[in-house]
file work-v6.cif (mmCIF, C-alpha atoms (C1' of nucleotides))
data_structure
#
loop_
_atom_site.label_atom_id
_atom_site.label_comp_id
_atom_site.auth_asym_id
_atom_site.auth_seq_id
_atom_site.Cartn_x
_atom_site.Cartn_y
_atom_site.Cartn_z
CA MET C 147 -69.26 -6.44 72.87
CA ALA C 148 -70.82 -9.61 71.54
CA ILE C 149 -70.78 -10.19 67.81
CA GLU C 150 -74.21 -9.82 66.20
CA LEU C 151 -75.41 -13.08 64.68
CA ASP C 152 -78.43 -13.64 62.49
CA GLU C 153 -80.23 -16.94 61.90
CA ILE C 154 -77.86 -17.95 59.15
CA ASP C 155 -74.76 -17.24 61.23
CA VAL C 156 -76.22 -19.37 63.99
CA LYS C 157 -76.84 -22.21 61.56
CA LEU C 158 -73.34 -22.00 60.16
CA LEU C 159 -71.67 -21.84 63.55
CA THR C 160 -73.73 -24.71 64.88
CA GLN C 161 -72.87 -26.89 61.91
CA LEU C 162 -69.20 -25.98 61.96
CA GLN C 163 -68.90 -26.78 65.65
CA GLN C 164 -70.24 -30.25 64.98
CA ASP C 165 -68.30 -30.94 61.81
CA ALA C 166 -65.99 -28.53 60.06
CA ASP C 167 -64.85 -31.22 57.65
CA ARG C 168 -67.46 -30.46 55.02
CA THR C 169 -67.14 -28.78 51.68
CA ASN C 170 -68.43 -25.27 51.30
CA LEU C 171 -71.04 -26.70 48.94
CA GLU C 172 -72.48 -29.02 51.58
CA LEU C 173 -72.45 -26.26 54.15
CA ALA C 174 -74.22 -23.92 51.75
CA GLU C 175 -76.99 -26.45 51.26
CA LEU C 176 -77.39 -26.98 55.01
CA ALA C 177 -77.64 -23.24 55.53
CA GLY C 178 -79.93 -22.68 52.56
CA LEU C 179 -77.53 -20.26 50.95
CA SER C 180 -75.51 -19.97 47.78
CA PRO C 181 -71.95 -21.31 47.92
CA ALA C 182 -70.43 -17.87 47.35
CA ALA C 183 -72.47 -16.26 50.12
CA THR C 184 -71.62 -19.13 52.45
CA LEU C 185 -67.93 -18.71 51.78
CA HIS C 186 -68.22 -15.02 52.48
CA ARG C 187 -70.10 -15.57 55.73
CA VAL C 188 -67.69 -18.15 57.04
CA ARG C 189 -64.74 -15.94 56.27
CA ARG C 190 -66.37 -13.09 58.15
CA LEU C 191 -67.02 -15.35 61.13
CA LYS C 192 -63.35 -16.28 61.18
CA GLU C 193 -62.13 -12.73 60.78
CA SER C 194 -64.47 -11.43 63.46
CA GLY C 195 -63.07 -13.95 65.93
CA ALA C 196 -66.35 -15.80 66.42
CA ILE C 197 -64.53 -18.84 65.07
CA ARG C 198 -61.23 -19.08 66.88
CA ILE C 199 -59.68 -22.04 65.15
CA VAL C 200 -60.63 -25.13 63.22
CA SER C 201 -58.88 -28.15 64.62
CA ALA C 202 -58.80 -31.91 64.52
CA SER C 203 -59.79 -33.60 67.74
CA VAL C 204 -57.50 -36.57 68.32
CA ASP C 205 -58.56 -39.56 70.39
CA ALA C 206 -55.94 -39.51 73.15
CA ALA C 207 -56.52 -43.11 74.18
CA ALA C 208 -56.23 -44.31 70.59
CA VAL C 209 -52.82 -42.73 70.10
CA GLY C 210 -51.16 -43.91 73.28
CA PHE C 211 -52.54 -41.79 76.11
CA PRO C 212 -54.99 -44.05 77.94
CA LEU C 213 -55.01 -41.79 80.98
CA THR C 214 -56.55 -38.33 81.04
CA VAL C 215 -56.57 -36.60 84.38
CA PHE C 216 -58.11 -33.34 85.45
CA MET C 217 -56.30 -31.51 88.19
CA ALA C 218 -57.58 -28.70 90.38
CA VAL C 219 -54.64 -26.80 91.83
CA THR C 220 -54.07 -23.99 94.28
CA THR C 221 -50.87 -22.03 94.54
CA GLY C 222 -49.53 -20.09 97.47
CA ASN C 223 -47.60 -16.85 97.26
CA ALA C 224 -46.72 -14.91 94.13
CA ARG C 225 -43.39 -16.71 93.73
CA ALA C 226 -45.03 -20.12 93.79
CA THR C 227 -47.68 -18.95 91.34
CA GLU C 228 -45.08 -17.75 88.91
CA ARG C 229 -43.16 -21.02 89.14
CA PHE C 230 -46.32 -23.00 88.68
CA GLU C 231 -47.46 -21.06 85.63
CA ARG C 232 -44.07 -21.50 84.03
CA GLU C 233 -44.07 -25.23 84.71
CA VAL C 234 -47.52 -25.64 83.22
CA GLN C 235 -46.31 -24.07 79.98
CA LEU C 236 -43.27 -26.33 79.91
CA LEU C 237 -44.91 -29.68 80.60
CA PRO C 238 -46.17 -31.16 77.31
CA GLN C 239 -48.42 -33.56 79.21
CA VAL C 240 -50.46 -30.57 80.38
CA ILE C 241 -52.56 -30.09 77.28
CA ALA C 242 -54.77 -27.30 78.63
CA ALA C 243 -54.89 -25.01 81.65
CA GLU C 244 -57.38 -22.45 82.86
CA THR C 245 -57.34 -19.94 85.65
CA VAL C 246 -60.49 -20.19 87.74
CA ALA C 247 -62.12 -18.44 90.66
CA GLY C 248 -63.54 -20.61 93.41
CA GLU C 249 -62.29 -23.24 95.78
CA MET C 250 -59.19 -23.75 93.64
CA ASP C 251 -57.09 -21.51 91.42
CA TYR C 252 -56.29 -23.58 88.34
CA TRP C 253 -57.81 -26.30 86.30
CA LEU C 254 -55.50 -28.49 84.27
CA THR C 255 -56.03 -31.23 81.74
CA VAL C 256 -53.21 -33.75 81.78
CA VAL C 257 -52.59 -36.78 79.58
CA ALA C 258 -50.36 -39.73 80.44
CA ARG C 259 -49.07 -42.85 78.69
CA ASP C 260 -49.13 -44.84 81.93
CA VAL C 261 -49.24 -44.42 85.69
CA GLU C 262 -45.53 -43.72 85.88
CA ASP C 263 -45.85 -40.93 83.34
CA LEU C 264 -48.72 -39.47 85.32
CA GLU C 265 -46.84 -39.66 88.58
CA HIS C 266 -43.97 -37.80 86.98
CA THR C 267 -46.21 -34.95 85.89
CA LEU C 268 -47.90 -34.82 89.27
CA THR C 269 -44.57 -34.61 91.03
CA ARG C 270 -43.38 -31.85 88.75
CA ILE C 271 -46.46 -29.81 89.51
CA ALA C 272 -46.32 -30.48 93.25
CA THR C 273 -42.67 -29.42 93.36
CA HIS C 274 -43.06 -26.36 91.16
CA GLY C 275 -45.40 -24.09 93.01
CA GLY C 276 -48.39 -26.40 93.26
CA GLY C 277 -50.05 -26.16 96.67
CA ARG C 278 -53.14 -28.28 97.11
CA VAL C 279 -53.61 -30.58 94.13
CA VAL C 280 -56.77 -32.61 93.61
CA THR C 281 -56.81 -35.11 90.78
CA TYR C 282 -59.73 -36.65 88.97
CA LEU C 283 -59.22 -39.54 86.61
CA ARG C 284 -61.36 -39.15 83.54
CA LEU C 285 -63.49 -42.27 83.12
CA LYS C 286 -65.67 -41.49 80.14
CA GLN C 287 -67.39 -38.74 78.23
CA LEU C 288 -70.92 -38.42 79.49
CA LYS C 289 -71.77 -35.62 77.07
CA PRO C 290 -69.36 -35.08 74.21
CA PRO C 291 -68.75 -31.41 73.45
CA THR C 292 -71.95 -29.87 72.07
CA PRO C 293 -72.30 -26.66 70.10
CA LEU C 294 -73.06 -23.52 72.09
CA PRO C 295 -76.82 -22.87 72.44
CA LEU C 296 -76.62 -19.88 70.10
CA LEU C 297 -79.50 -17.56 69.35
CA PRO C 298 -79.77 -14.83 66.72
CA SER C 299 -79.11 -11.50 68.36
CA ALA C 300 -81.98 -9.08 68.90
CA ALA C 301 -80.40 -6.60 66.49
CA ALA C 302 -80.17 -9.24 63.77
CA ARG C 303 -83.80 -10.21 64.26
CA GLN C 304 -84.76 -6.57 64.03
CA LYS C 305 -82.81 -6.15 60.84
CA ARG C 306 -84.48 -9.11 59.23
CA ARG C 307 -87.93 -7.74 59.99
CA SER C 308 -87.21 -4.45 58.25
CA MET J 119 -54.62 -51.26 71.37
CA ALA J 120 -52.98 -48.00 70.43
CA ILE J 121 -52.75 -47.09 66.76
CA GLU J 122 -49.23 -47.29 65.39
CA LEU J 123 -47.95 -43.93 64.25
CA ASP J 124 -44.79 -43.16 62.35
CA GLU J 125 -42.97 -39.81 62.20
CA ILE J 126 -45.16 -38.55 59.39
CA ASP J 127 -48.39 -39.47 61.15
CA VAL J 128 -47.15 -37.61 64.21
CA LYS J 129 -46.38 -34.55 62.11
CA LEU J 130 -49.77 -34.63 60.44
CA LEU J 131 -51.68 -35.11 63.67
CA THR J 132 -49.75 -32.37 65.40
CA GLN J 133 -50.41 -29.93 62.59
CA LEU J 134 -54.06 -30.85 62.29
CA GLN J 135 -54.63 -30.38 66.00
CA GLN J 136 -53.28 -26.86 65.74
CA ASP J 137 -54.99 -25.90 62.52
CA ALA J 138 -57.15 -28.15 60.41
CA ASP J 139 -58.14 -25.27 58.18
CA ARG J 140 -55.36 -25.80 55.69
CA THR J 141 -55.44 -27.18 52.21
CA ASN J 142 -54.07 -30.61 51.59
CA LEU J 143 -51.30 -28.95 49.62
CA GLU J 144 -50.10 -26.86 52.54
CA LEU J 145 -50.30 -29.84 54.85
CA ALA J 146 -48.28 -31.92 52.39
CA GLU J 147 -45.55 -29.34 52.33
CA LEU J 148 -45.43 -29.14 56.14
CA ALA J 149 -45.16 -32.90 56.35
CA GLY J 150 -42.64 -33.16 53.54
CA LEU J 151 -44.86 -35.46 51.53
CA SER J 152 -46.62 -35.50 48.21
CA PRO J 153 -50.21 -34.19 48.20
CA ALA J 154 -51.58 -37.57 47.16
CA ALA J 155 -49.78 -39.42 49.94
CA THR J 156 -50.88 -36.78 52.44
CA LEU J 157 -54.48 -37.21 51.42
CA HIS J 158 -54.17 -40.94 51.83
CA ARG J 159 -52.58 -40.64 55.25
CA VAL J 160 -55.14 -38.21 56.57
CA ARG J 161 -57.99 -40.37 55.38
CA ARG J 162 -56.47 -43.34 57.14
CA LEU J 163 -56.08 -41.34 60.34
CA LYS J 164 -59.75 -40.44 60.19
CA GLU J 165 -60.90 -43.94 59.39
CA SER J 166 -58.76 -45.46 62.11
CA GLY J 167 -60.36 -43.19 64.69
CA ALA J 168 -57.13 -41.38 65.58
CA ILE J 169 -58.89 -38.24 64.37
CA ARG J 170 -62.31 -38.16 65.98
CA ILE J 171 -63.76 -35.05 64.42
CA VAL J 172 -62.71 -31.80 62.83
CA SER J 173 -64.57 -28.91 64.37
CA ALA J 174 -64.64 -25.15 64.62
CA SER J 175 -63.89 -23.77 68.04
CA VAL J 176 -66.19 -20.84 68.73
CA ASP J 177 -65.27 -18.07 71.12
CA ALA J 178 -68.07 -18.33 73.69
CA ALA J 179 -67.55 -14.85 75.07
CA ALA J 180 -67.60 -13.32 71.60
CA VAL J 181 -70.97 -14.83 70.73
CA GLY J 182 -72.84 -13.93 73.88
CA PHE J 183 -71.67 -16.31 76.61
CA PRO J 184 -69.35 -14.24 78.78
CA LEU J 185 -69.52 -16.77 81.61
CA THR J 186 -67.97 -20.22 81.46
CA VAL J 187 -68.18 -22.23 84.63
CA PHE J 188 -66.71 -25.59 85.50
CA MET J 189 -68.70 -27.67 87.93
CA ALA J 190 -67.57 -30.66 89.93
CA VAL J 191 -70.59 -32.68 91.01
CA THR J 192 -71.32 -35.71 93.14
CA THR J 193 -74.52 -37.65 93.01
CA GLY J 194 -76.06 -39.83 95.65
CA ASN J 195 -77.94 -43.05 95.02
CA ALA J 196 -78.61 -44.71 91.69
CA ARG J 197 -81.90 -42.87 91.22
CA ALA J 198 -80.28 -39.47 91.70
CA THR J 199 -77.47 -40.43 89.33
CA GLU J 200 -79.89 -41.40 86.64
CA ARG J 201 -81.82 -38.15 87.03
CA PHE J 202 -78.66 -36.14 86.97
CA GLU J 203 -77.30 -37.79 83.85
CA ARG J 204 -80.58 -37.21 82.07
CA GLU J 205 -80.64 -33.55 83.08
CA VAL J 206 -77.09 -33.03 81.86
CA GLN J 207 -78.07 -34.28 78.43
CA LEU J 208 -81.11 -32.02 78.37
CA LEU J 209 -79.54 -28.76 79.46
CA PRO J 210 -78.07 -26.99 76.42
CA GLN J 211 -75.95 -24.76 78.67
CA VAL J 212 -74.00 -27.86 79.70
CA ILE J 213 -71.69 -28.06 76.71
CA ALA J 214 -69.56 -30.97 77.96
CA ALA J 215 -69.64 -33.53 80.75
CA GLU J 216 -67.22 -36.19 81.89
CA THR J 217 -67.44 -38.96 84.43
CA VAL J 218 -64.45 -38.90 86.75
CA ALA J 219 -63.02 -40.93 89.61
CA GLY J 220 -61.80 -39.01 92.64
CA GLU J 221 -63.23 -36.60 95.13
CA MET J 222 -66.16 -35.87 92.85
CA ASP J 223 -68.11 -37.92 90.29
CA TYR J 224 -68.69 -35.58 87.36
CA TRP J 225 -67.02 -32.68 85.69
CA LEU J 226 -69.22 -30.30 83.70
CA THR J 227 -68.52 -27.34 81.49
CA VAL J 228 -71.36 -24.83 81.56
CA VAL J 229 -71.83 -21.61 79.61
CA ALA J 230 -74.13 -18.75 80.56
CA ARG J 231 -75.31 -15.48 79.04
CA ASP J 232 -75.47 -13.79 82.44
CA VAL J 233 -75.61 -14.54 86.14
CA GLU J 234 -79.32 -15.26 86.02
CA ASP J 235 -78.83 -17.80 83.25
CA LEU J 236 -76.08 -19.44 85.29
CA GLU J 237 -78.20 -19.54 88.40
CA HIS J 238 -80.94 -21.26 86.47
CA THR J 239 -78.61 -24.00 85.28
CA LEU J 240 -77.15 -24.44 88.74
CA THR J 241 -80.59 -24.79 90.25
CA ARG J 242 -81.63 -27.34 87.65
CA ILE J 243 -78.61 -29.43 88.43
CA ALA J 244 -79.00 -29.10 92.18
CA THR J 245 -82.64 -30.15 91.96
CA HIS J 246 -82.09 -33.01 89.53
CA GLY J 247 -79.87 -35.44 91.30
CA GLY J 248 -76.93 -33.18 91.98
CA GLY J 249 -75.50 -33.73 95.47
CA ARG J 250 -72.46 -31.68 96.29
CA VAL J 251 -71.78 -29.12 93.57
CA VAL J 252 -68.59 -27.07 93.46
CA THR J 253 -68.37 -24.32 90.87
CA TYR J 254 -65.34 -22.63 89.42
CA LEU J 255 -65.70 -19.55 87.31
CA ARG J 256 -63.34 -19.63 84.36
CA LEU J 257 -61.20 -16.49 84.39
CA LYS J 258 -58.84 -17.02 81.49
CA GLN J 259 -56.97 -19.58 79.47
CA LEU J 260 -53.53 -20.02 80.93
CA LYS J 261 -52.52 -22.59 78.33
CA PRO J 262 -54.72 -22.87 75.27
CA PRO J 263 -55.28 -26.46 74.14
CA THR J 264 -52.01 -27.87 72.86
CA PRO J 265 -51.52 -30.91 70.64
CA LEU J 266 -50.88 -34.21 72.38
CA PRO J 267 -47.16 -34.88 72.93
CA LEU J 268 -47.17 -37.64 70.32
CA LEU J 269 -44.24 -39.90 69.57
CA PRO J 270 -43.74 -42.37 66.74
CA SER J 271 -44.51 -45.84 68.04
CA ALA J 272 -41.67 -48.30 68.55
CA ALA J 273 -43.03 -50.51 65.80
CA ALA J 274 -43.06 -47.62 63.35
CA ARG J 275 -39.51 -46.67 64.22
CA GLN J 276 -38.50 -50.30 63.71
CA LYS J 277 -40.15 -50.35 60.35
CA ARG J 278 -38.36 -47.23 59.23
CA ARG J 279 -35.00 -48.65 60.18
CA SER J 280 -35.52 -51.73 58.03
"C1'" DG T 251 -46.82 -47.27 50.76
"C1'" DG T 252 -45.05 -43.71 47.71
"C1'" DT T 253 -44.88 -40.70 43.19
"C1'" DG T 254 -46.52 -38.10 39.19
"C1'" DA T 255 -49.92 -36.67 35.89
"C1'" DA T 256 -54.73 -36.01 34.36
"C1'" DA T 257 -59.83 -35.32 35.24
"C1'" DG T 258 -63.19 -33.60 38.20
"C1'" DA T 259 -64.76 -30.58 41.90
"C1'" DA T 260 -64.59 -26.73 44.71
"C1'" DA T 261 -63.11 -22.05 46.01
"C1'" DA T 262 -62.20 -17.24 44.83
"C1'" DG T 263 -63.23 -13.22 42.30
"C1'" DA T 264 -65.85 -9.96 39.34
"C1'" DC T 265 -70.20 -8.41 38.13
"C1'" DT T 266 -75.33 -7.92 38.64
"C1'" DT T 267 -79.61 -7.44 41.32
"C1'" DA N 181 -75.87 -8.73 51.25
"C1'" DA N 182 -76.93 -12.49 48.01
"C1'" DG N 183 -77.04 -14.79 43.34
"C1'" DT N 184 -74.73 -16.16 38.93
"C1'" DC N 185 -70.86 -16.97 36.02
"C1'" DT N 186 -65.92 -17.55 35.05
"C1'" DT N 187 -61.17 -18.35 36.35
"C1'" DT N 188 -58.02 -20.39 39.26
"C1'" DT N 189 -56.79 -23.69 42.45
"C1'" DC N 190 -57.17 -27.82 44.92
"C1'" DT N 191 -58.71 -32.49 45.46
"C1'" DT N 192 -59.14 -37.00 43.86
"C1'" DT N 193 -58.18 -40.89 41.18
"C1'" DC N 194 -55.45 -43.68 38.34
"C1'" DA N 195 -51.43 -46.03 36.47
"C1'" DC N 196 -46.84 -47.00 37.82
"C1'" DC N 197 -42.83 -47.64 40.94
#
call {"tool": "encode", "arguments": {"input": "work-v6.cif", "output": "structure tokens"}}
result
Amino acid sequence: MAIELDEIDVKLLTQLQQDADRTNLELAELAGLSPAATLHRVRRLKESGAIRIVSASVDAAAVGFPLTVFMAVTTGNARATERFEREVQLLPQVIAAETVAGEMDYWLTVVARDVEDLEHTLTRIATHGGGRVVTYLRLKQLKPPTPLPLLPSAAARQKRRS
Amino acid sequence: MAIELDEIDVKLLTQLQQDADRTNLELAELAGLSPAATLHRVRRLKESGAIRIVSASVDAAAVGFPLTVFMAVTTGNARATERFEREVQLLPQVIAAETVAGEMDYWLTVVARDVEDLEHTLTRIATHGGGRVVTYLRLKQLKPPTPLPLLPSAAARQKRRS
DNA sequence: GGTGAAAGAAAAGACTT
DNA sequence: AAGTCTTTTCTTTCACC
């Protein structure tokens, strides 16, 4: 199931999660590998699906979205759920949505230019299948996204020993 | 406050949020701009802080973390809060944390290799300042992270007209 | 702030160990 | 699977608009 990673893969993935805006040469030096081998490894990590995408993280507040709100939502019957899921896809202010198991059914990330914009999105959700909706206004990042605490897989360690 | 963006900036930011793993040449073509001008624009967007970081998004499940859990947490007094915030920074399984205003005080993203690993993290949080803790097991992505619904700023539109 | 051309750097590929 | 070398391609800088 899980992709086998050796020490070098772990190094590469950890670096790339922190900063993917480096040249292959810099990355090679950080990993203690030749540039060609590094290129090959990184390509394999992308092809295997370990690396999903490389993307630029934009500062929402800096580009006109001072409000970020997290919303926990429940839906009722199947009809409401379907309506809700469709609305989530349609609303551009909903920049991410997850299905969850627990006290609520969905977790949304919503951005807004101002309170009016936010209220509009909230209303749309409430009137399109949203049942109970709990909102949390994002105040600040306490811990900015960190790399996954990766470890070389047992198989990779074994391989290295041989 | 907000950085002024014109139509081209919006195009570039939208593309880079979706895929930053393109050459400057490809990006230039998508934006309808010369490679040199594109390079200049992107550098400015990074320097201005509109682009925070460029990073690789790793598939947690694919690299050995089949469980992702969101946790809403409240803390009690100032002492508990301080302990909690310290613990969040220390636990590598907590890969992101936000301070929020609303029914709860914090929103955490936690990854785990198995149920035992998850239980360990939960216990650490509960015993280090965590008050009420509500967990939501992530089932699936309903809407994968989309680019911000950016618009050219009024000033930039004005400029273009002149 | 944009364009176009030239120099420098990096990535991709073939071959060797 | 990794290292070296060569070719190709991209990035970067500069002068000019």
call {"tool": "residues_around", "arguments": {"input": "work-v6.cif", "residues": "segment 191-193 of chain N", "least_positions_apart": "5", "cutoff": "10 Å", "atoms": "all atoms listed in the file", "output": "list of chain:residue names"}}
result
J:Thr141, J:Asn142, J:Leu143, J:Pro153, J:Ala154, J:Leu157, T:DA256, T:DA257, T:DG258, T:DA259, T:DA260
call {"tool": "interface_residues", "arguments": {"input": "work-v6.cif", "of": "chain J", "to": "chain T", "cutoff": "12 Å", "atoms": "all atoms listed in the file", "output": "PDB file with C-alpha atoms, in the frame of the given file"}}
result
ATOM      1  CA  THR J 141     -55.440 -27.180  52.210  1.00  0.00           C
ATOM      2  CA  LEU J 151     -44.860 -35.460  51.530  1.00  0.00           C
ATOM      3  CA  SER J 152     -46.620 -35.500  48.210  1.00  0.00           C
ATOM      4  CA  PRO J 153     -50.210 -34.190  48.200  1.00  0.00           C
ATOM      5  CA  ALA J 154     -51.580 -37.570  47.160  1.00  0.00           C
ATOM      6  CA  ALA J 155     -49.780 -39.420  49.940  1.00  0.00           C
ATOM      7  CA  THR J 156     -50.880 -36.780  52.440  1.00  0.00           C
ATOM      8  CA  HIS J 158     -54.170 -40.940  51.830  1.00  0.00           C
ATOM      9  CA  ARG J 159     -52.580 -40.640  55.250  1.00  0.00           C
ATOM     10  CA  ARG J 278     -38.360 -47.230  59.230  1.00  0.00           C
TER      11      ARG J 278
END
call {"tool": "axis_aligned_box", "arguments": {"input": "work-v6.cif", "around": "segment 162-165 of chain J", "padding_each_side": "4 Å", "output": "AutoDock Vina command-line options"}}
result
--center_x -58.5 --center_y -42.2 --center_z 58.7 --size_x 12.8 --size_y 11.5 --size_z 11.2
call {"tool": "residues_around", "arguments": {"input": "work-v6.cif", "residues": "Gly195 of chain C", "least_positions_apart": "2", "cutoff": "12 Å", "atoms": "only C-alpha atoms (C1' of nucleotides)", "output": "PyMOL selection string"}}
result
(chain C and resi 147-150+159+188-193+197-200) or (chain J and resi 174-181)
call {"tool": "write_last_selection", "arguments": {"input": "work-v6.cif", "atoms": "C-alpha atoms", "output": "PDB file, in the frame of the given file"}}
result
ATOM      1  CA  MET C 147     -69.260  -6.440  72.870  1.00  0.00           C
ATOM      2  CA  ALA C 148     -70.820  -9.610  71.540  1.00  0.00           C
ATOM      3  CA  ILE C 149     -70.780 -10.190  67.810  1.00  0.00           C
ATOM      4  CA  GLU C 150     -74.210  -9.820  66.200  1.00  0.00           C
ATOM      5  CA  LEU C 159     -71.670 -21.840  63.550  1.00  0.00           C
ATOM      6  CA  VAL C 188     -67.690 -18.150  57.040  1.00  0.00           C
ATOM      7  CA  ARG C 189     -64.740 -15.940  56.270  1.00  0.00           C
ATOM      8  CA  ARG C 190     -66.370 -13.090  58.150  1.00  0.00           C
ATOM      9  CA  LEU C 191     -67.020 -15.350  61.130  1.00  0.00           C
ATOM     10  CA  LYS C 192     -63.350 -16.280  61.180  1.00  0.00           C
ATOM     11  CA  GLU C 193     -62.130 -12.730  60.780  1.00  0.00           C
ATOM     12  CA  ILE C 197     -64.530 -18.840  65.070  1.00  0.00           C
ATOM     13  CA  ARG C 198     -61.230 -19.080  66.880  1.00  0.00           C
ATOM     14  CA  ILE C 199     -59.680 -22.040  65.150  1.00  0.00           C
ATOM     15  CA  VAL C 200     -60.630 -25.130  63.220  1.00  0.00           C
TER      16      VAL C 200
ATOM     17  CA  ALA J 174     -64.640 -25.150  64.620  1.00  0.00           C
ATOM     18  CA  SER J 175     -63.890 -23.770  68.040  1.00  0.00           C
ATOM     19  CA  VAL J 176     -66.190 -20.840  68.730  1.00  0.00           C
ATOM     20  CA  ASP J 177     -65.270 -18.070  71.120  1.00  0.00           C
ATOM     21  CA  ALA J 178     -68.070 -18.330  73.690  1.00  0.00           C
ATOM     22  CA  ALA J 179     -67.550 -14.850  75.070  1.00  0.00           C
ATOM     23  CA  ALA J 180     -67.600 -13.320  71.600  1.00  0.00           C
ATOM     24  CA  VAL J 181     -70.970 -14.830  70.730  1.00  0.00           C
TER      25      VAL J 181
END
call {"tool": "atom_distance", "arguments": {"input": "work-v6.cif", "atom1": "atom CA of Val256 of chain C", "atom2": "atom CA of Lys261 of chain J"}}
result
11.7 Å
call {"tool": "resolve_selection", "arguments": {"input": "work-v6.cif", "expression": "the PyMOL selection byres ((chain N) within 12 of (chain C))", "output": "PDB file with C-alpha atoms (C1' of nucleotides), in the frame of the given file"}}
result
ATOM      1  C1'  DA N 181     -75.870  -8.730  51.250  1.00  0.00           C
ATOM      2  C1'  DA N 182     -76.930 -12.490  48.010  1.00  0.00           C
ATOM      3  C1'  DG N 183     -77.040 -14.790  43.340  1.00  0.00           C
ATOM      4  C1'  DT N 184     -74.730 -16.160  38.930  1.00  0.00           C
ATOM      5  C1'  DC N 185     -70.860 -16.970  36.020  1.00  0.00           C
ATOM      6  C1'  DT N 191     -58.710 -32.490  45.460  1.00  0.00           C
TER       7       DT N 191
END
call {"tool": "atom_distance", "arguments": {"input": "work-v6.cif", "atom1": "atom CA of Val215 of chain C", "atom2": "atom CA of Gln135 of chain J"}}
result
19.5 Å
call {"tool": "atom_distance", "arguments": {"input": "work-v6.cif", "atom1": "atom CA of Pro238 of chain C", "atom2": "atom CA of Pro265 of chain J"}}
result
8.6 Å
call {"tool": "residues_around", "arguments": {"input": "work-v6.cif", "residues": "Thr281 of chain C", "least_positions_apart": "6", "cutoff": "10 Å", "atoms": "all atoms listed in the file", "output": "ChimeraX atom specification"}}
result
/C:215-219,253-256,268 /J:218-222
call {"tool": "residues_around", "arguments": {"input": "work-v6.cif", "residues": "Glu153 of chain C", "least_positions_apart": "5", "cutoff": "9 Å", "atoms": "only C-alpha atoms (C1' of nucleotides)", "output": "list of chain:residue names"}}
result
C:Leu158, C:Leu297, C:Pro298, C:Ser299, C:Ala302, C:Arg303
call {"tool": "resolve_selection", "arguments": {"input": "work-v6.cif", "expression": "the PyMOL selection byres ((chain C and resi 241) around 10)", "output": "list of chain:residue names"}}
result
C:Thr214, C:Val234, C:Gln235, C:Leu237, C:Pro238, C:Gln239, C:Val240, C:Ala242, C:Ala243, C:Leu254, C:Thr255, C:Val256, C:Val257, J:Lys261, J:Pro262, J:Pro263, J:Thr264, J:Pro265, J:Leu266, J:Pro267
call {"tool": "write_last_selection", "arguments": {"input": "work-v6.cif", "atoms": "C-alpha atoms", "output": "compact mmCIF listing (two decimals), keeping the file's coordinate frame"}}
result
# COMPACT_ATOMS: atom_id res chain seq x y z
CA THR C 214 -56.55 -38.33 81.04
CA VAL C 234 -47.52 -25.64 83.22
CA GLN C 235 -46.31 -24.07 79.98
CA LEU C 237 -44.91 -29.68 80.60
CA PRO C 238 -46.17 -31.16 77.31
CA GLN C 239 -48.42 -33.56 79.21
CA VAL C 240 -50.46 -30.57 80.38
CA ALA C 242 -54.77 -27.30 78.63
CA ALA C 243 -54.89 -25.01 81.65
CA LEU C 254 -55.50 -28.49 84.27
CA THR C 255 -56.03 -31.23 81.74
CA VAL C 256 -53.21 -33.75 81.78
CA VAL C 257 -52.59 -36.78 79.58
CA LYS J 261 -52.52 -22.59 78.33
CA PRO J 262 -54.72 -22.87 75.27
CA PRO J 263 -55.28 -26.46 74.14
CA THR J 264 -52.01 -27.87 72.86
CA PRO J 265 -51.52 -30.91 70.64
CA LEU J 266 -50.88 -34.21 72.38
CA PRO J 267 -47.16 -34.88 72.93
call {"tool": "closest_residue", "arguments": {"input": "work-v6.cif", "among": "C:Leu236, C:Ala166, C:Thr227, C:Leu264", "to": "chain J", "atoms": "all atoms listed in the file"}}
result
C:Ala166
call {"tool": "closest_residue", "arguments": {"input": "work-v6.cif", "among": "C:Gly210, C:Gly277, C:Gly222, C:Gly178", "to": "chain J", "atoms": "all atoms listed in the file"}}
result
C:Gly210
call {"tool": "closest_residue", "arguments": {"input": "work-v6.cif", "among": "J:Thr245, J:Asn195, J:Phe202, J:Glu234", "to": "chain C", "atoms": "only C-alpha atoms"}}
result
J:Phe202
call {"tool": "closest_residue", "arguments": {"input": "work-v6.cif", "among": "C:Glu265, C:Glu172, C:Glu233, C:Asp167", "to": "chain J", "atoms": "all atoms listed in the file"}}
result
C:Asp167
call {"tool": "closest_residue", "arguments": {"input": "work-v6.cif", "among": "J:Leu260, J:Leu185, J:Ala198, J:Ile243", "to": "chain C", "atoms": "only C-alpha atoms"}}
result
J:Leu260
call {"tool": "build_atoms", "arguments": {"input": "work-v6.cif", "residues": "segment 167-171 of chain J", "atoms": "N, CA and C atoms", "output": "tab-separated table (two decimals), in the coordinates of the input"}}
result
chain	number	residue	atom	x	y	z
J	167	GLY	N	-59.84	-43.74	63.44
J	167	GLY	CA	-60.36	-43.19	64.69
J	167	GLY	C	-59.34	-42.35	65.44
J	168	ALA	N	-58.13	-42.24	64.93
J	168	ALA	CA	-57.13	-41.38	65.58
J	168	ALA	C	-57.66	-39.94	65.57
J	169	ILE	N	-58.19	-39.52	64.44
J	169	ILE	CA	-58.89	-38.24	64.37
J	169	ILE	C	-60.37	-38.50	64.56
J	170	ARG	N	-60.91	-37.97	65.65
J	170	ARG	CA	-62.31	-38.16	65.98
J	170	ARG	C	-63.19	-37.29	65.09
J	171	ILE	N	-63.01	-35.99	65.24
J	171	ILE	CA	-63.76	-35.05	64.42
J	171	ILE	C	-62.88	-33.84	64.12
